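Have a look at protein.pdb; it's PDB, C-alpha atoms:
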ATOM      1  CA  GLU N   1     186.820 235.382 163.818
ATOM      2  CA  ASP N   2     187.772 232.927 161.074
ATOM      3  CA  GLN N   3     187.235 234.473 157.676
ATOM      4  CA  VAL N   4     187.818 233.811 153.986
ATOM      5  CA  THR N   5     187.729 236.600 151.401
ATOM      6  CA  GLN N   6     187.961 236.078 147.664
ATOM      7  CA  SER N   7     188.812 238.725 145.097
ATOM      8  CA  PRO N   8     187.859 239.913 142.644
ATOM      9  CA  GLU N   9     184.150 239.089 142.816
ATOM     10  CA  ALA N  10     184.058 238.841 139.040
ATOM     11  CA  LEU N  11     186.724 238.737 136.348
ATOM     12  CA  ARG N  12     186.382 238.907 132.611
ATOM     13  CA  LEU N  13     189.321 237.730 130.485
ATOM     14  CA  GLN N  14     190.005 237.319 126.815
ATOM     15  CA  GLU N  15     190.962 233.841 125.700
ATOM     16  CA  GLY N  16     194.706 233.432 126.287
ATOM     17  CA  GLU N  17     194.907 236.305 128.795
ATOM     18  CA  SER N  18     196.490 234.910 131.969
ATOM     19  CA  SER N  19     195.473 236.159 135.414
ATOM     20  CA  SER N  20     195.184 235.219 139.082
ATOM     21  CA  LEU N  21     192.364 234.848 141.582
ATOM     22  CA  ASN N  22     193.003 235.624 145.237
ATOM     23  CA  CYS N  23     191.812 233.938 148.430
ATOM     24  CA  SER N  24     192.896 235.598 151.659
ATOM     25  CA  TYR N  25     192.142 233.952 154.973
ATOM     26  CA  THR N  26     192.247 234.599 158.686
ATOM     27  CA  VAL N  27     192.042 231.440 160.750
ATOM     28  CA  SER N  28     193.479 230.168 164.008
ATOM     29  CA  GLY N  29     195.835 227.697 162.382
ATOM     30  CA  LEU N  30     195.325 226.179 158.939
ATOM     31  CA  ARG N  31     194.587 222.489 158.407
ATOM     32  CA  GLY N  32     193.940 222.824 154.711
ATOM     33  CA  LEU N  33     192.906 225.175 151.922
ATOM     34  CA  PHE N  34     190.653 223.905 149.152
ATOM     35  CA  TRP N  35     189.836 225.187 145.673
ATOM     36  CA  TYR N  36     186.616 224.166 143.937
ATOM     37  CA  ARG N  37     185.115 225.021 140.565
ATOM     38  CA  GLN N  38     181.355 225.512 140.236
ATOM     39  CA  ASP N  39     179.498 225.664 136.940
ATOM     40  CA  PRO N  40     176.034 227.291 136.780
ATOM     41  CA  GLY N  41     173.343 224.984 138.155
ATOM     42  CA  LYS N  42     175.894 222.396 139.290
ATOM     43  CA  GLY N  43     177.577 221.396 142.509
ATOM     44  CA  PRO N  44     181.175 222.374 143.267
ATOM     45  CA  GLU N  45     183.903 220.222 141.719
ATOM     46  CA  PHE N  46     187.121 219.640 143.645
ATOM     47  CA  LEU N  47     190.317 221.086 142.169
ATOM     48  CA  PHE N  48     193.114 221.246 144.783
ATOM     49  CA  THR N  49     194.015 220.927 148.441
ATOM     50  CA  LEU N  50     196.993 222.845 149.876
ATOM     51  CA  TYR N  51     198.255 222.173 153.387
ATOM     52  CA  SER N  52     201.293 224.352 154.058
ATOM     53  CA  ALA N  53     202.836 227.639 152.995
ATOM     54  CA  GLY N  54     204.994 227.282 149.899
ATOM     55  CA  GLU N  55     202.993 224.391 148.528
ATOM     56  CA  GLU N  56     201.946 224.494 144.861
ATOM     57  CA  LYS N  57     199.688 222.254 142.782
ATOM     58  CA  GLU N  58     198.915 222.247 139.078
ATOM     59  CA  LYS N  59     196.184 220.889 136.887
ATOM     60  CA  GLU N  60     196.096 221.734 133.187
ATOM     61  CA  ARG N  61     195.942 225.556 132.953
ATOM     62  CA  LEU N  62     195.435 226.023 136.701
ATOM     63  CA  LYS N  63     198.087 226.432 139.366
ATOM     64  CA  ALA N  64     197.322 226.972 143.049
ATOM     65  CA  THR N  65     199.819 228.442 145.497
ATOM     66  CA  LEU N  66     199.687 229.047 149.246
ATOM     67  CA  THR N  67     201.276 231.530 151.630
ATOM     68  CA  LYS N  68     200.608 232.057 155.334
ATOM     69  CA  LYS N  69     197.855 234.566 154.595
ATOM     70  CA  GLU N  70     196.522 233.839 151.132
ATOM     71  CA  SER N  71     196.238 231.510 148.198
ATOM     72  CA  PHE N  72     196.339 232.312 144.502
ATOM     73  CA  LEU N  73     194.758 230.417 141.664
ATOM     74  CA  HIS N  74     196.751 231.231 138.556
ATOM     75  CA  ILE N  75     195.068 230.653 135.214
ATOM     76  CA  THR N  76     197.455 230.452 132.281
ATOM     77  CA  ALA N  77     196.170 231.054 128.744
ATOM     78  CA  PRO N  78     192.522 230.455 129.736
ATOM     79  CA  LYS N  79     189.936 229.042 127.364
ATOM     80  CA  PRO N  80     186.174 229.718 127.315
ATOM     81  CA  GLU N  81     185.583 226.346 129.009
ATOM     82  CA  ASP N  82     187.420 227.687 132.080
ATOM     83  CA  SER N  83     184.485 230.024 132.675
ATOM     84  CA  ALA N  84     182.971 229.180 136.074
ATOM     85  CA  THR N  85     182.810 230.333 139.665
ATOM     86  CA  TYR N  86     185.929 229.405 141.627
ATOM     87  CA  LEU N  87     185.423 228.780 145.332
ATOM     88  CA  CYS N  88     188.042 228.803 148.053
ATOM     89  CA  ALA N  89     187.529 227.125 151.431
ATOM     90  CA  VAL N  90     189.683 226.702 154.525
ATOM     91  CA  GLN N  91     189.639 224.336 157.445
ATOM     92  CA  ALA N  92     191.007 225.701 160.695
ATOM     93  CA  SER N  93     193.077 223.575 163.053
ATOM     94  CA  GLY N  94     191.754 225.283 166.159
ATOM     95  CA  GLY N  95     188.193 225.251 167.410
ATOM     96  CA  ALA N  96     185.623 223.229 165.510
ATOM     97  CA  THR N  97     187.610 220.991 163.179
ATOM     98  CA  ASN N  98     184.430 220.008 161.374
ATOM     99  CA  LYS N  99     184.070 223.537 160.074
ATOM    100  CA  LEU N 100     184.963 224.341 156.495
ATOM    101  CA  ILE N 101     184.751 228.073 155.778
ATOM    102  CA  PHE N 102     183.874 228.923 152.185
ATOM    103  CA  GLY N 103     184.490 232.206 150.429
ATOM    104  CA  THR N 104     181.829 233.725 148.208
ATOM    105  CA  GLY N 105     183.705 232.878 145.028
ATOM    106  CA  THR N 106     185.114 234.586 141.954
ATOM    107  CA  LEU N 107     182.979 234.462 138.819
ATOM    108  CA  LEU N 108     185.322 234.039 135.862
ATOM    109  CA  ALA N 109     184.184 234.673 132.304
ATOM    110  CA  VAL N 110     186.602 233.896 129.462
ATOM    111  CA  GLN N 111     185.598 235.350 126.132
ATOM    112  CA  PRO N 112     186.735 233.831 122.829
TER     113      PRO N 112
ATOM    114  CA  ASN A   1     179.338 205.261 139.171
ATOM    115  CA  ALA A   2     176.661 207.915 139.454
ATOM    116  CA  GLY A   3     178.485 209.723 142.285
ATOM    117  CA  VAL A   4     176.203 211.800 144.516
ATOM    118  CA  THR A   5     172.564 211.969 143.449
ATOM    119  CA  GLN A   6     170.084 214.461 144.862
ATOM    120  CA  THR A   7     166.338 214.593 144.393
ATOM    121  CA  PRO A   8     164.324 216.634 143.660
ATOM    122  CA  LYS A   9     166.199 219.253 141.612
ATOM    123  CA  PHE A  10     163.562 221.916 142.181
ATOM    124  CA  ARG A  11     160.781 222.319 144.717
ATOM    125  CA  ILE A  12     158.371 225.022 145.835
ATOM    126  CA  LEU A  13     156.995 224.704 149.364
ATOM    127  CA  LYS A  14     154.402 226.711 151.205
ATOM    128  CA  ILE A  15     155.229 228.114 154.624
ATOM    129  CA  GLY A  16     154.670 225.452 157.268
ATOM    130  CA  GLN A  17     154.936 222.480 154.909
ATOM    131  CA  SER A  18     157.528 219.765 155.391
ATOM    132  CA  MET A  19     159.662 217.840 152.954
ATOM    133  CA  THR A  20     162.643 215.540 152.678
ATOM    134  CA  LEU A  21     165.567 216.167 150.373
ATOM    135  CA  GLN A  22     167.036 212.881 149.249
ATOM    136  CA  CYS A  23     170.748 212.186 148.817
ATOM    137  CA  THR A  24     172.435 208.951 147.858
ATOM    138  CA  GLN A  25     176.015 208.105 146.927
ATOM    139  CA  ASP A  26     177.464 204.977 145.341
ATOM    140  CA  MET A  27     181.144 205.528 146.188
ATOM    141  CA  ASN A  28     181.036 203.777 149.586
ATOM    142  CA  HIS A  29     182.036 207.016 151.299
ATOM    143  CA  ASN A  30     181.660 207.118 155.064
ATOM    144  CA  TYR A  31     181.455 210.902 155.292
ATOM    145  CA  MET A  32     178.438 212.804 154.037
ATOM    146  CA  TYR A  33     177.402 216.451 154.342
ATOM    147  CA  TRP A  34     174.546 218.842 153.699
ATOM    148  CA  TYR A  35     175.319 222.434 152.719
ATOM    149  CA  ARG A  36     173.162 225.381 151.773
ATOM    150  CA  GLN A  37     174.252 228.083 149.345
ATOM    151  CA  ASP A  38     172.658 231.520 149.408
ATOM    152  CA  PRO A  39     173.367 234.361 146.938
ATOM    153  CA  GLY A  40     176.411 236.375 147.986
ATOM    154  CA  MET A  41     177.193 233.952 150.813
ATOM    155  CA  GLY A  42     179.604 231.073 151.054
ATOM    156  CA  LEU A  43     178.421 227.504 151.421
ATOM    157  CA  LYS A  44     177.278 226.792 154.974
ATOM    158  CA  LEU A  45     177.354 223.328 156.574
ATOM    159  CA  ILE A  46     173.981 222.207 157.949
ATOM    160  CA  TYR A  47     174.658 218.661 159.146
ATOM    161  CA  TYR A  48     177.237 216.005 158.554
ATOM    162  CA  SER A  49     177.712 212.295 159.171
ATOM    163  CA  VAL A  50     180.870 210.239 159.703
ATOM    164  CA  GLY A  51     179.145 206.914 159.133
ATOM    165  CA  ALA A  52     175.865 205.040 159.341
ATOM    166  CA  GLY A  53     174.058 205.882 162.558
ATOM    167  CA  ILE A  54     176.287 208.889 163.376
ATOM    168  CA  THR A  55     175.299 212.464 162.634
ATOM    169  CA  ASP A  56     176.255 215.857 164.018
ATOM    170  CA  LYS A  57     175.292 219.496 163.646
ATOM    171  CA  GLY A  58     177.150 221.868 161.411
ATOM    172  CA  GLU A  59     177.089 225.641 161.358
ATOM    173  CA  VAL A  60     173.374 226.246 160.572
ATOM    174  CA  PRO A  61     171.306 223.240 161.771
ATOM    175  CA  ASN A  62     168.183 225.007 163.060
ATOM    176  CA  GLY A  63     165.024 223.965 161.226
ATOM    177  CA  TYR A  64     166.560 220.792 159.785
ATOM    178  CA  ASN A  65     166.970 217.158 160.750
ATOM    179  CA  VAL A  66     168.947 214.285 159.291
ATOM    180  CA  SER A  67     169.289 210.547 159.611
ATOM    181  CA  ARG A  68     171.845 208.068 158.333
ATOM    182  CA  SER A  69     170.549 204.513 158.413
ATOM    183  CA  THR A  70     172.789 203.264 155.582
ATOM    184  CA  THR A  71     176.185 204.230 154.159
ATOM    185  CA  GLU A  72     174.565 205.265 150.885
ATOM    186  CA  ASP A  73     171.716 207.531 152.000
ATOM    187  CA  PHE A  74     171.658 210.804 153.917
ATOM    188  CA  PRO A  75     168.245 212.497 153.729
ATOM    189  CA  LEU A  76     167.656 216.053 154.982
ATOM    190  CA  ARG A  77     164.290 216.790 156.560
ATOM    191  CA  LEU A  78     162.746 220.268 156.668
ATOM    192  CA  GLU A  79     159.988 220.635 159.224
ATOM    193  CA  LEU A  80     157.670 223.661 159.134
ATOM    194  CA  ALA A  81     159.312 225.359 156.153
ATOM    195  CA  ALA A  82     160.068 229.074 156.472
ATOM    196  CA  PRO A  83     161.029 231.676 153.819
ATOM    197  CA  SER A  84     164.528 231.795 155.360
ATOM    198  CA  GLN A  85     165.034 228.239 154.142
ATOM    199  CA  THR A  86     164.790 229.329 150.511
ATOM    200  CA  SER A  87     168.184 228.303 149.191
ATOM    201  CA  VAL A  88     170.113 225.847 147.062
ATOM    202  CA  TYR A  89     170.974 222.700 148.989
ATOM    203  CA  PHE A  90     173.966 220.531 148.204
ATOM    204  CA  CYS A  91     174.737 217.077 149.452
ATOM    205  CA  ALA A  92     178.359 215.945 149.403
ATOM    206  CA  SER A  93     180.426 212.940 150.373
ATOM    207  CA  SER A  94     184.083 212.198 150.978
ATOM    208  CA  TYR A  95     186.180 209.113 151.603
ATOM    209  CA  TRP A  96     189.163 210.129 153.685
ATOM    210  CA  GLY A  97     187.554 212.271 156.304
ATOM    211  CA  LEU A  98     185.906 215.482 157.255
ATOM    212  CA  ASN A  99     186.467 218.216 154.745
ATOM    213  CA  THR A 100     188.966 216.464 152.511
ATOM    214  CA  GLU A 101     188.216 216.188 148.799
ATOM    215  CA  ALA A 102     184.432 216.140 148.603
ATOM    216  CA  PHE A 103     182.119 215.111 145.777
ATOM    217  CA  PHE A 104     178.985 217.211 145.458
ATOM    218  CA  GLY A 105     175.572 216.473 144.051
ATOM    219  CA  GLN A 106     173.844 218.715 141.515
ATOM    220  CA  GLY A 107     171.843 220.544 144.143
ATOM    221  CA  THR A 108     168.191 221.097 145.051
ATOM    222  CA  ARG A 109     166.754 224.563 144.513
ATOM    223  CA  LEU A 110     164.099 225.131 147.174
ATOM    224  CA  THR A 111     161.743 228.074 147.319
ATOM    225  CA  VAL A 112     159.456 228.618 150.317
ATOM    226  CA  VAL A 113     156.504 230.917 149.631
TER     227      VAL A 113
END
For the file at hand, write its structure as structure tokens.
Amino acid sequence: EDQVTQSPEALRLQEGESSSLNCSYTVSGLRGLFWYRQDPGKGPEFLFTLYSAGEEKEKERLKATLTKKESFLHITAPKPEDSATYLCAVQASGGATNKLIFGTGTLLAVQP
Amino acid sequence: NAGVTQTPKFRILKIGQSMTLQCTQDMNHNYMYWYRQDPGMGLKLIYYSVGAGITDKGEVPNGYNVSRSTTEDFPLRLELAAPSQTSVYFCASSYWGLNTEAFFGQGTRLTVV
């Protein structure tokens, strides 16, 4: 069964303390892996799409990487405004291609 | 551009009542989606549309209906509301195709009592 697991569920960092969020997946062929940011009471906001193992993308303090089994979202020198829930989602190439499987997210809190 | 606009933001329904969640986008996107988000669960796709007049079921369509008469609007209809439909509902749209970069609305928090 296709599955997406994010860890940790919650992460508390001090401002400037770099860390990584994990998204592991089990799908029958990967069409794409997506990272979204969600602020409380808001809809998800698109961050990155990764399509193949070895691919990396960066945006400000965020860097997303992809292997054949997992993706990491690296946060370098985070600031309090990076506090949010980070969602990972995958689209499988086999079966129902209209299906986007979301993880349950990692709640990140960055303290000043 | 306003992006994706959802109304209402909050609603309380009694069991058995019906309502329509409104969604409109001003980005001329062909693809539109409805998701629900429950605590501790990932977003689940309810229905989606690839263009005006074309809709299809997602992962959890039971108890819902949709229509797409224009490119801009994609309303979600709840008939005979049940407590299991208590959730936060998100409408989204995308330009390039199914499940590429999507733009989400602010959500509708629905409680069925």
What does the structure give for the distance between CA of Leu76 (chain A) and CA of Gly51 (chain A), in Å to one decimal?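 We find that CA of Leu76 (chain A) and CA of Gly51 (chain A) lie 15.3 Å from each other.
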Put the listed atoms of region 2-9 of chain N in a box along x, y and z with 3 Å added on every side and give me the centre and edge lengths in Å to one decimal, as AutoDock Vina command-line options.
--center_x 186.5 --center_y 236.4 --center_z 151.9 --size_x 10.7 --size_y 13.0 --size_z 24.4
Kindly provide, as an NGL selection string, the residues of chain N having any atom no farther than 10 Å from an atom of chain A, counting all atoms listed in the file. :N and (4-5 or 9 or 31-36 or 41-49 or 87-91 or 96-105)
Contacts of Leu80 (chain A) at 6 Å or less, counting only C-alpha atoms, minus same-chain residues fewer than 5 places along, as a ChimeraX atom specification? /A:16-18
Generate a file of the selected residues that holds C-alpha atoms, formatted as an mmCIF file, in the frame of the given file.
data_model
loop_
_atom_site.group_PDB
_atom_site.id
_atom_site.type_symbol
_atom_site.label_atom_id
_atom_site.label_comp_id
_atom_site.auth_asym_id
_atom_site.auth_seq_id
_atom_site.Cartn_x
_atom_site.Cartn_y
_atom_site.Cartn_z
ATOM 1 C CA GLY A 16 154.670 225.452 157.268
ATOM 2 C CA GLN A 17 154.936 222.480 154.909
ATOM 3 C CA SER A 18 157.528 219.765 155.391
#
For the provided coordinates, the residues matched by the PyMOL selection byres ((chain N and resi 54) around 7) should be stated as a PDB file with C-alpha atoms, keeping the file's coordinate frame.
ATOM      1  CA  SER N  52     201.293 224.352 154.058  1.00  0.00           C
ATOM      2  CA  ALA N  53     202.836 227.639 152.995  1.00  0.00           C
ATOM      3  CA  GLU N  55     202.993 224.391 148.528  1.00  0.00           C
ATOM      4  CA  GLU N  56     201.946 224.494 144.861  1.00  0.00           C
ATOM      5  CA  THR N  65     199.819 228.442 145.497  1.00  0.00           C
ATOM      6  CA  LEU N  66     199.687 229.047 149.246  1.00  0.00           C
ATOM      7  CA  THR N  67     201.276 231.530 151.630  1.00  0.00           C
TER       8      THR N  67
END
Selection near Arg77 (chain A), 9 Å with only C-alpha atoms, sequence-local residues under 2 positions removed, as a CSV table (one decimal) with C-alpha atoms, in the frame of the given file:
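Now in part_32.csv:
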chain,number,residue,atom,x,y,z
A,18,SER,CA,157.5,219.8,155.4
A,19,MET,CA,159.7,217.8,153.0
A,20,THR,CA,162.6,215.5,152.7
A,21,LEU,CA,165.6,216.2,150.4
A,22,GLN,CA,167.0,212.9,149.2
A,63,GLY,CA,165.0,224.0,161.2
A,64,TYR,CA,166.6,220.8,159.8
A,65,ASN,CA,167.0,217.2,160.8
A,66,VAL,CA,168.9,214.3,159.3
A,67,SER,CA,169.3,210.5,159.6
A,75,PRO,CA,168.2,212.5,153.7
A,79,GLU,CA,160.0,220.6,159.2
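Each of N:Leu62, N:Ala84, N:Ala109, N:Gln38 was checked against Ser20 (chain N) using all atoms listed in the file; the smallest atom-to-atom distance is that of N:Leu62.
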Contacts of Ser83 (chain N) within 8 Å, all atoms listed in the file, excl. fewer than 4 positions in-chain, as a CSV table (one decimal) with C-alpha atoms, in the coordinates of the input:
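Result file is out_33.csv:
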chain,number,residue,atom,x,y,z
N,39,ASP,CA,179.5,225.7,136.9
N,79,LYS,CA,189.9,229.0,127.4
N,107,LEU,CA,183.0,234.5,138.8
N,108,LEU,CA,185.3,234.0,135.9
N,109,ALA,CA,184.2,234.7,132.3
N,110,VAL,CA,186.6,233.9,129.5
Point-to-point distance in Å for CA of His74 (chain N) and CA of Ser93 (chain A):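 Distance reported for this atom pair: 27.2 Å.
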As a ChimeraX atom specification, please: the residues near Arg68 (chain A) (cut-off 8 Å, only C-alpha atoms, same-chain neighbours under 6 positions excluded). /A:49,51-55,74-75
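Applied to this file, the PyMOL selection byres ((chain A and resi 71) around 10) selects the residues Thr24, Gln25, Asp26, Met27, Asn28, His29, Asn30, Tyr31, Met32, Ser49, Val50, Gly51, Ala52, Gly53, Arg68, Ser69, Thr70, Glu72, Asp73 and Phe74 of chain A.
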Between CA of Ser28 (chain N) and CA of Asp2 (chain N), what is the distance, to one decimal in Å?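 Interatomic distance here is 7.0 Å.
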Check the smallest atom-to-atom distance from each of N:Val27, N:Ser18, N:Glu1, N:Leu13 to Lys69 (chain N) using all atoms listed in the file, then report the winner.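 The answer is N:Val27, which sits nearest to Lys69 (chain N).
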